[in-house]
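A.B. asks: Got a file for you: start-v6.csv, CSV, N, CA and C atoms.
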```csv
chain,number,residue,atom,x,y,z
A,1,MET,N,6.8,9.6,-9.6
A,1,MET,CA,6.9,10.3,-8.3
A,1,MET,C,8.3,10.2,-7.7
A,2,LYS,N,8.7,11.2,-7.1
A,2,LYS,CA,9.9,11.2,-6.3
A,2,LYS,C,9.8,10.4,-5.1
A,3,THR,N,10.8,9.6,-4.7
A,3,THR,CA,10.8,8.9,-3.4
A,3,THR,C,10.8,9.9,-2.2
A,4,ILE,N,9.9,9.6,-1.2
A,4,ILE,CA,9.9,10.4,0.0
A,4,ILE,C,10.5,9.6,1.1
A,5,GLU,N,11.3,10.3,1.9
A,5,GLU,CA,11.9,9.7,3.1
A,5,GLU,C,11.4,10.4,4.3
A,6,THR,N,11.0,9.7,5.3
A,6,THR,CA,10.7,10.2,6.6
A,6,THR,C,11.7,9.7,7.6
A,7,GLU,N,11.5,10.0,8.9
A,7,GLU,CA,12.4,9.5,9.9
A,7,GLU,C,12.7,8.0,9.8
A,8,ARG,N,11.6,7.2,9.6
A,8,ARG,CA,11.7,5.8,9.6
A,8,ARG,C,11.3,5.1,8.3
A,9,LEU,N,10.7,5.8,7.4
A,9,LEU,CA,10.1,5.2,6.2
A,9,LEU,C,10.7,5.7,4.9
A,10,ILE,N,10.5,4.9,3.9
A,10,ILE,CA,10.7,5.3,2.5
A,10,ILE,C,9.3,5.0,1.8
A,11,ILE,N,8.8,6.1,1.2
A,11,ILE,CA,7.5,6.0,0.4
A,11,ILE,C,7.9,6.2,-1.0
A,12,ARG,N,7.5,5.2,-1.8
A,12,ARG,CA,8.0,5.1,-3.2
A,12,ARG,C,6.9,4.5,-4.1
A,13,ASN,N,7.1,4.6,-5.4
A,13,ASN,CA,6.3,3.9,-6.3
A,13,ASN,C,6.5,2.4,-6.2
A,14,PHE,N,5.4,1.7,-6.5
A,14,PHE,CA,5.5,0.2,-6.5
A,14,PHE,C,6.5,-0.2,-7.6
A,15,ASN,N,7.1,-1.4,-7.5
A,15,ASN,CA,7.8,-2.0,-8.6
A,15,ASN,C,7.4,-3.5,-8.6
A,16,THR,N,7.8,-4.2,-9.6
A,16,THR,CA,7.3,-5.5,-9.8
A,16,THR,C,7.9,-6.5,-8.7
A,17,ASP,N,8.9,-6.1,-8.1
A,17,ASP,CA,9.5,-6.9,-7.0
A,17,ASP,C,8.6,-6.9,-5.7
A,18,ASP,N,7.6,-6.0,-5.7
A,18,ASP,CA,6.7,-5.9,-4.5
A,18,ASP,C,5.6,-7.0,-4.6
A,19,SER,N,5.5,-7.8,-5.6
A,19,SER,CA,4.3,-8.6,-5.8
A,19,SER,C,4.1,-9.6,-4.6
A,20,ARG,N,5.2,-10.3,-4.2
A,20,ARG,CA,5.0,-11.3,-3.1
A,20,ARG,C,4.6,-10.6,-1.8
A,21,ALA,N,5.2,-9.5,-1.5
A,21,ALA,CA,4.8,-8.8,-0.2
A,21,ALA,C,3.4,-8.2,-0.3
A,22,LEU,N,3.0,-7.7,-1.5
A,22,LEU,CA,1.6,-7.3,-1.6
A,22,LEU,C,0.6,-8.4,-1.5
A,23,ARG,N,1.0,-9.6,-2.0
A,23,ARG,CA,0.1,-10.8,-1.8
A,23,ARG,C,0.0,-11.1,-0.4
A,24,GLU,N,1.0,-11.1,0.4
A,24,GLU,CA,1.0,-11.4,1.8
A,24,GLU,C,0.0,-10.4,2.5
A,25,LEU,N,0.2,-9.1,2.2
A,25,LEU,CA,-0.7,-8.1,2.8
A,25,LEU,C,-2.1,-8.3,2.4
A,26,THR,N,-2.4,-8.6,1.2
A,26,THR,CA,-3.7,-8.8,0.7
A,26,THR,C,-4.4,-10.0,1.3
A,27,ILE,N,-3.7,-11.1,1.4
A,27,ILE,CA,-4.3,-12.3,2.1
A,27,ILE,C,-4.6,-12.0,3.6
A,28,GLN,N,-3.7,-11.3,4.2
A,28,GLN,CA,-3.9,-10.9,5.6
A,28,GLN,C,-5.1,-10.0,5.7
A,29,PHE,N,-5.3,-9.1,4.9
A,29,PHE,CA,-6.4,-8.2,4.9
A,29,PHE,C,-7.7,-8.9,4.7
A,30,GLU,N,-7.7,-9.8,3.7
A,30,GLU,CA,-9.0,-10.5,3.3
A,30,GLU,C,-9.5,-11.4,4.5
A,31,ALA,N,-8.6,-11.7,5.4
A,31,ALA,CA,-9.0,-12.5,6.6
A,31,ALA,C,-9.6,-11.7,7.7
A,32,THR,N,-9.6,-10.3,7.6
A,32,THR,CA,-10.1,-9.5,8.6
A,32,THR,C,-11.6,-9.1,8.4
A,33,SER,N,-12.2,-8.7,9.5
A,33,SER,CA,-13.6,-8.3,9.4
A,33,SER,C,-13.7,-7.0,8.6
A,34,TYR,N,-12.7,-6.2,8.4
A,34,TYR,CA,-12.7,-5.0,7.6
A,34,TYR,C,-12.9,-5.2,6.1
A,35,ALA,N,-12.5,-6.4,5.7
A,35,ALA,CA,-12.6,-6.7,4.2
A,35,ALA,C,-14.0,-6.7,3.7
A,36,ILE,N,-15.0,-6.9,4.5
A,36,ILE,CA,-16.4,-6.9,4.0
A,36,ILE,C,-16.8,-5.5,3.5
A,37,PHE,N,-16.1,-4.5,4.0
A,37,PHE,CA,-16.4,-3.1,3.6
A,37,PHE,C,-15.7,-2.7,2.3
A,38,ASP,N,-14.8,-3.5,1.8
A,38,ASP,CA,-14.0,-3.1,0.6
A,38,ASP,C,-14.3,-4.2,-0.5
A,39,HIS,N,-13.9,-3.8,-1.7
A,39,HIS,CA,-14.0,-4.8,-2.8
A,39,HIS,C,-12.9,-5.9,-2.5
A,40,LYS,N,-13.2,-7.1,-3.1
A,40,LYS,CA,-12.2,-8.2,-2.9
A,40,LYS,C,-10.9,-7.9,-3.6
A,41,TRP,N,-9.8,-8.1,-3.0
A,41,TRP,CA,-8.5,-7.9,-3.6
A,41,TRP,C,-8.0,-9.2,-4.1
A,42,PRO,N,-7.2,-9.2,-5.1
A,42,PRO,CA,-6.7,-10.5,-5.7
A,42,PRO,C,-5.7,-11.1,-4.7
A,43,THR,N,-5.7,-12.5,-4.7
A,43,THR,CA,-4.9,-13.2,-3.8
A,43,THR,C,-4.0,-14.3,-4.4
A,44,THR,N,-4.2,-14.6,-5.7
A,44,THR,CA,-3.4,-15.6,-6.3
A,44,THR,C,-2.1,-14.9,-6.7
A,45,PRO,N,-1.0,-15.7,-6.9
A,45,PRO,CA,0.3,-15.1,-7.3
A,45,PRO,C,0.2,-14.3,-8.6
A,46,GLU,N,-0.5,-14.9,-9.6
A,46,GLU,CA,-0.6,-14.2,-10.9
A,46,GLU,C,-1.5,-12.9,-10.8
A,47,GLU,N,-2.6,-13.0,-10.0
A,47,GLU,CA,-3.4,-11.8,-9.8
A,47,GLU,C,-2.6,-10.7,-9.1
A,48,CYS,N,-1.8,-11.1,-8.1
A,48,CYS,CA,-1.0,-10.1,-7.4
A,48,CYS,C,0.1,-9.5,-8.3
A,49,LYS,N,0.7,-10.3,-9.1
A,49,LYS,CA,1.7,-9.8,-10.1
A,49,LYS,C,1.1,-8.8,-11.0
A,50,ASP,N,-0.1,-9.1,-11.5
A,50,ASP,CA,-0.8,-8.1,-12.4
A,50,ASP,C,-1.2,-6.9,-11.7
A,51,LEU,N,-1.7,-7.0,-10.4
A,51,LEU,CA,-2.0,-5.8,-9.6
A,51,LEU,C,-0.8,-5.0,-9.3
A,52,THR,N,0.3,-5.6,-9.0
A,52,THR,CA,1.6,-4.9,-8.7
A,52,THR,C,2.0,-4.1,-9.9
A,53,GLU,N,1.9,-4.7,-11.1
A,53,GLU,CA,2.3,-4.0,-12.3
A,53,GLU,C,1.4,-2.8,-12.6
A,54,TRP,N,0.1,-3.0,-12.3
A,54,TRP,CA,-0.8,-1.8,-12.4
A,54,TRP,C,-0.5,-0.7,-11.4
A,55,LEU,N,-0.3,-1.1,-10.2
A,55,LEU,CA,0.1,-0.1,-9.1
A,55,LEU,C,1.4,0.6,-9.5
A,56,ALA,N,2.3,-0.1,-10.1
A,56,ALA,CA,3.6,0.5,-10.5
A,56,ALA,C,3.5,1.5,-11.6
A,57,SER,N,2.4,1.4,-12.4
A,57,SER,CA,2.2,2.3,-13.5
A,57,SER,C,1.7,3.7,-13.2
A,58,GLY,N,1.5,4.0,-12.0
A,58,GLY,CA,0.9,5.3,-11.6
A,58,GLY,C,1.5,5.8,-10.3
A,59,ASP,N,0.9,6.9,-9.8
A,59,ASP,CA,1.4,7.5,-8.6
A,59,ASP,C,0.3,7.5,-7.5
A,60,ASP,N,-0.9,6.8,-7.8
A,60,ASP,CA,-2.0,6.9,-6.8
A,60,ASP,C,-1.8,5.9,-5.6
A,61,TYR,N,-1.0,4.9,-5.8
A,61,TYR,CA,-0.7,3.9,-4.7
A,61,TYR,C,0.8,3.9,-4.5
A,62,LEU,N,1.2,4.1,-3.3
A,62,LEU,CA,2.7,4.2,-3.0
A,62,LEU,C,3.1,3.1,-2.0
A,63,ALA,N,4.1,2.4,-2.2
A,63,ALA,CA,4.6,1.4,-1.3
A,63,ALA,C,5.3,2.1,-0.1
A,64,VAL,N,5.1,1.6,1.1
A,64,VAL,CA,5.6,2.1,2.3
A,64,VAL,C,6.6,1.0,2.8
A,65,CYS,N,7.9,1.4,3.0
A,65,CYS,CA,8.9,0.5,3.4
A,65,CYS,C,9.7,1.1,4.6
A,66,LEU,N,10.3,0.2,5.4
A,66,LEU,CA,11.2,0.6,6.5
A,66,LEU,C,12.4,1.1,5.9
A,67,LYS,N,12.8,2.3,6.3
A,67,LYS,CA,14.1,2.9,5.8
A,67,LYS,C,15.3,2.1,6.1
A,68,LYS,N,15.3,1.5,7.3
A,68,LYS,CA,16.5,0.8,7.8
A,68,LYS,C,16.7,-0.5,7.1
A,69,THR,N,15.7,-1.2,6.7
A,69,THR,CA,15.8,-2.5,6.0
A,69,THR,C,15.3,-2.6,4.6
A,70,GLY,N,14.4,-1.7,4.2
A,70,GLY,CA,13.7,-1.8,2.9
A,70,GLY,C,12.5,-2.7,3.0
A,71,GLN,N,12.2,-3.3,4.1
A,71,GLN,CA,11.0,-4.2,4.2
A,71,GLN,C,9.7,-3.5,3.9
A,72,PHE,N,8.9,-4.1,3.1
A,72,PHE,CA,7.6,-3.6,2.7
A,72,PHE,C,6.6,-3.7,3.8
A,73,LEU,N,6.0,-2.6,4.2
A,73,LEU,CA,5.1,-2.6,5.3
A,73,LEU,C,3.6,-2.5,4.8
A,74,GLY,N,3.4,-1.9,3.7
A,74,GLY,CA,2.1,-1.7,3.1
A,74,GLY,C,2.1,-0.6,2.1
A,75,PHE,N,0.9,0.1,2.0
A,75,PHE,CA,0.8,1.2,1.0
A,75,PHE,C,0.0,2.3,1.5
A,76,VAL,N,0.1,3.4,0.9
A,76,VAL,CA,-0.8,4.5,1.0
A,76,VAL,C,-1.5,4.7,-0.4
A,77,SER,N,-2.7,5.2,-0.3
A,77,SER,CA,-3.4,5.5,-1.6
A,77,SER,C,-3.8,6.9,-1.6
A,78,LEU,N,-3.7,7.5,-2.8
A,78,LEU,CA,-4.1,8.9,-3.0
A,78,LEU,C,-5.2,8.9,-4.1
A,79,ASN,N,-6.4,8.8,-3.8
A,79,ASN,CA,-7.5,8.7,-4.8
A,79,ASN,C,-8.1,10.1,-5.1
A,80,PRO,N,-7.8,10.6,-6.3
A,80,PRO,CA,-8.3,12.0,-6.6
A,80,PRO,C,-9.9,12.1,-6.5
A,81,MET,N,-10.4,13.1,-5.9
A,81,MET,CA,-11.8,13.3,-5.8
A,81,MET,C,-12.3,14.0,-7.0
A,82,GLN,N,-13.3,13.5,-7.6
A,82,GLN,CA,-13.8,14.0,-8.9
A,82,GLN,C,-14.5,15.4,-8.6
A,83,GLY,N,-14.2,16.4,-9.5
A,83,GLY,CA,-14.8,17.6,-9.4
A,83,GLY,C,-14.4,18.6,-8.3
A,84,SER,N,-13.4,18.2,-7.6
A,84,SER,CA,-13.0,19.1,-6.5
A,84,SER,C,-12.1,20.2,-7.0
A,85,ASP,N,-12.4,21.4,-6.5
A,85,ASP,CA,-11.6,22.6,-6.9
A,85,ASP,C,-11.4,23.5,-5.7
A,86,PRO,N,-10.2,23.6,-5.2
A,86,PRO,CA,-8.9,23.0,-5.7
A,86,PRO,C,-8.9,21.5,-5.6
A,87,PRO,N,-8.0,20.8,-6.4
A,87,PRO,CA,-8.0,19.4,-6.4
A,87,PRO,C,-7.7,18.8,-5.0
A,88,GLU,N,-8.5,17.7,-4.7
A,88,GLU,CA,-8.3,17.1,-3.4
A,88,GLU,C,-8.2,15.6,-3.6
A,89,VAL,N,-7.6,14.9,-2.7
A,89,VAL,CA,-7.5,13.4,-2.8
A,89,VAL,C,-8.1,12.8,-1.5
A,90,SER,N,-8.6,11.6,-1.7
A,90,SER,CA,-9.0,10.8,-0.5
A,90,SER,C,-7.8,9.9,-0.1
A,91,LEU,N,-7.3,10.0,1.1
A,91,LEU,CA,-6.1,9.4,1.5
A,91,LEU,C,-6.5,8.1,2.2
A,92,GLY,N,-5.8,7.0,1.9
A,92,GLY,CA,-6.1,5.7,2.5
A,92,GLY,C,-4.7,5.0,2.8
A,93,TYR,N,-4.8,3.9,3.5
A,93,TYR,CA,-3.6,3.2,3.8
A,93,TYR,C,-3.9,1.8,4.2
A,94,ARG,N,-3.0,0.9,4.1
A,94,ARG,CA,-3.1,-0.5,4.5
A,94,ARG,C,-1.7,-1.0,4.9
A,95,LEU,N,-1.6,-1.5,6.1
A,95,LEU,CA,-0.3,-2.0,6.6
A,95,LEU,C,-0.5,-3.4,7.1
A,96,LYS,N,0.6,-4.2,7.0
A,96,LYS,CA,0.6,-5.5,7.6
A,96,LYS,C,0.4,-5.4,9.1
A,97,SER,N,-0.3,-6.4,9.6
A,97,SER,CA,-0.8,-6.3,11.0
A,97,SER,C,0.4,-6.1,12.0
A,98,GLU,N,1.6,-6.7,11.7
A,98,GLU,CA,2.7,-6.6,12.6
A,98,GLU,C,3.3,-5.2,12.7
A,99,PHE,N,2.9,-4.3,11.8
A,99,PHE,CA,3.4,-3.0,11.8
A,99,PHE,C,2.3,-1.9,12.2
A,100,GLN,N,1.1,-2.4,12.5
A,100,GLN,CA,0.1,-1.5,13.0
A,100,GLN,C,0.3,-1.1,14.4
A,101,GLY,N,-0.2,0.1,14.8
A,101,GLY,CA,-0.1,0.6,16.2
A,101,GLY,C,1.3,1.1,16.5
A,102,GLN,N,2.1,1.4,15.5
A,102,GLN,CA,3.4,1.9,15.8
A,102,GLN,C,3.7,3.3,15.2
A,103,GLY,N,2.6,3.9,14.7
A,103,GLY,CA,2.7,5.3,14.1
A,103,GLY,C,3.1,5.3,12.6
A,104,TYR,N,3.3,4.1,12.0
A,104,TYR,CA,3.8,4.1,10.6
A,104,TYR,C,2.8,4.7,9.6
A,105,ALA,N,1.5,4.4,9.8
A,105,ALA,CA,0.5,5.0,8.9
A,105,ALA,C,0.4,6.5,9.0
A,106,ILE,N,0.4,7.0,10.2
A,106,ILE,CA,0.4,8.5,10.4
A,106,ILE,C,1.7,9.1,9.7
A,107,GLU,N,2.8,8.5,10.0
A,107,GLU,CA,4.1,9.0,9.4
A,107,GLU,C,4.0,9.0,7.9
A,108,ALA,N,3.5,7.9,7.3
A,108,ALA,CA,3.5,7.8,5.8
A,108,ALA,C,2.5,8.7,5.2
A,109,CYS,N,1.3,8.9,5.9
A,109,CYS,CA,0.3,9.8,5.4
A,109,CYS,C,0.8,11.3,5.5
```
Please express what this file holds, its structure, as structure tokens.
C.D. replies:
Amino acid sequence: MKTIETERLIIRNFNTDDSRALRELTIQFEATSYAIFDHKWPTTPEECKDLTEWLASGDDYLAVCLKKTGQFLGFVSLNPMQGSDPPEVSLGYRLKSEFQGQGYAIEAC
């Protein structure tokens, strides 16, 4: 996928350097009450490294970073809907708590 830039963000494919930041996000999410509605995400360093490699292999999950600093904020997900014509995706996102409530999710989506 081509990198997308908005006013404040860079939306790009994951790379293996995102493993530590993804682990922080995952641990933070697993501690919330929302986690009970989702499948358990990996939290060990090795599991997060493997997950990051998998995310980097496709275009369905995209890292969201601050344009100014490159800091990882979270991700957006584009999950293709089976059997939709024309093709549709289910859009999702997850951001670190310190970046919520600032319009970043709307901007990224």
A.B. asks: Quick check, in Å to one decimal: how far apart do atom CA of Pro42 of chain A and atom CA of Thr26 of chain A lie?
C.D. replies: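 Here the two named atoms are 7.3 Å from each other.
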A.B. asks: Would you mind listing what lies within 12 Å of Thr69 of chain A as a list in words, with only C-alpha atoms counted and same-chain residues fewer than 6 positions away left out?
C.D. replies: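 My list of contacting residues is Arg8, Leu9 and Ile10 of chain A.
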A.B. asks: Need the shell around Val64 of chain A: protein/DNA/RNA residues with any atom at most 8 Å away, counting only N, CA and C atoms. Skip same-chain ones fewer than 3 positions apart. Format as a ChimeraX atom specification?
C.D. replies: /A:9-14,61,67,70-76,108
A.B. asks: Starting from the point (-5.6, -1.1, 0.3), work out which residues of protein, DNA or RNA have an atom no more than 10 Å away when counting only C-alpha atoms; state them as a VMD selection string.
C.D. replies: chain A and resid 22 25 to 26 29 35 38 to 39 41 61 74 to 77 92 to 95
A.B. asks: Once DSSP has gone over the backbone, tell me which residues of chain A are in strand (DSSP E), as a count of residues only.
C.D. replies: 29
A.B. asks: Atom CA of Arg20 of chain A and atom CA of Thr52 of chain A, how far apart in Å?
C.D. replies: 9.2 Å
A.B. asks: Would you mind reading off the distance between atom CA of Lys49 of chain A and atom C of Asp17 of chain A, one decimal, in Å?
C.D. replies: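 Calculated distance between atom CA of Lys49 of chain A and atom C of Asp17 of chain A is 8.7 Å.
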A.B. asks: Which residue, A:Ser57, A:Asn79, A:Ser97, A:Gln102, has the smallest gap to Asn15 of chain A when you use all atoms listed in the file?
C.D. replies: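 Closest to Asn15 of chain A of all the choices is A:Ser57.
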A.B. asks: Please identify all polymer residues lying at most 6.5 Å from the point (-3.5, 8.4, -8.2) (file coordinates), using all atoms listed in the file, and present the result as a list of chain:residue names.
C.D. replies: A:Gly58, A:Asp59, A:Asp60, A:Tyr61, A:Leu78, A:Asn79, A:Pro80
A.B. asks: Would you please work out which residue, of A:Thr43, A:Thr3, A:Ser84, A:Ser90, is nearest to Arg23 of chain A when using only C-alpha atoms?
C.D. replies: A:Thr43
A.B. asks: Select, from A:Glu47, A:Leu62, A:Glu88, A:Glu53, the residue with the minimum atom-to-atom distance to Lys2 of chain A, counting only C-alpha atoms.
C.D. replies: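 Under the stated criterion, the closest residue is A:Leu62.
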A.B. asks: Given only C-alpha atoms as the basis, pick out the residue of A:Ala56, A:Val89, A:Ala105, A:Met81 nearest to Met1 of chain A.
C.D. replies: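 Checking each candidate against Met1 of chain A, we get A:Ala56 as the closest.
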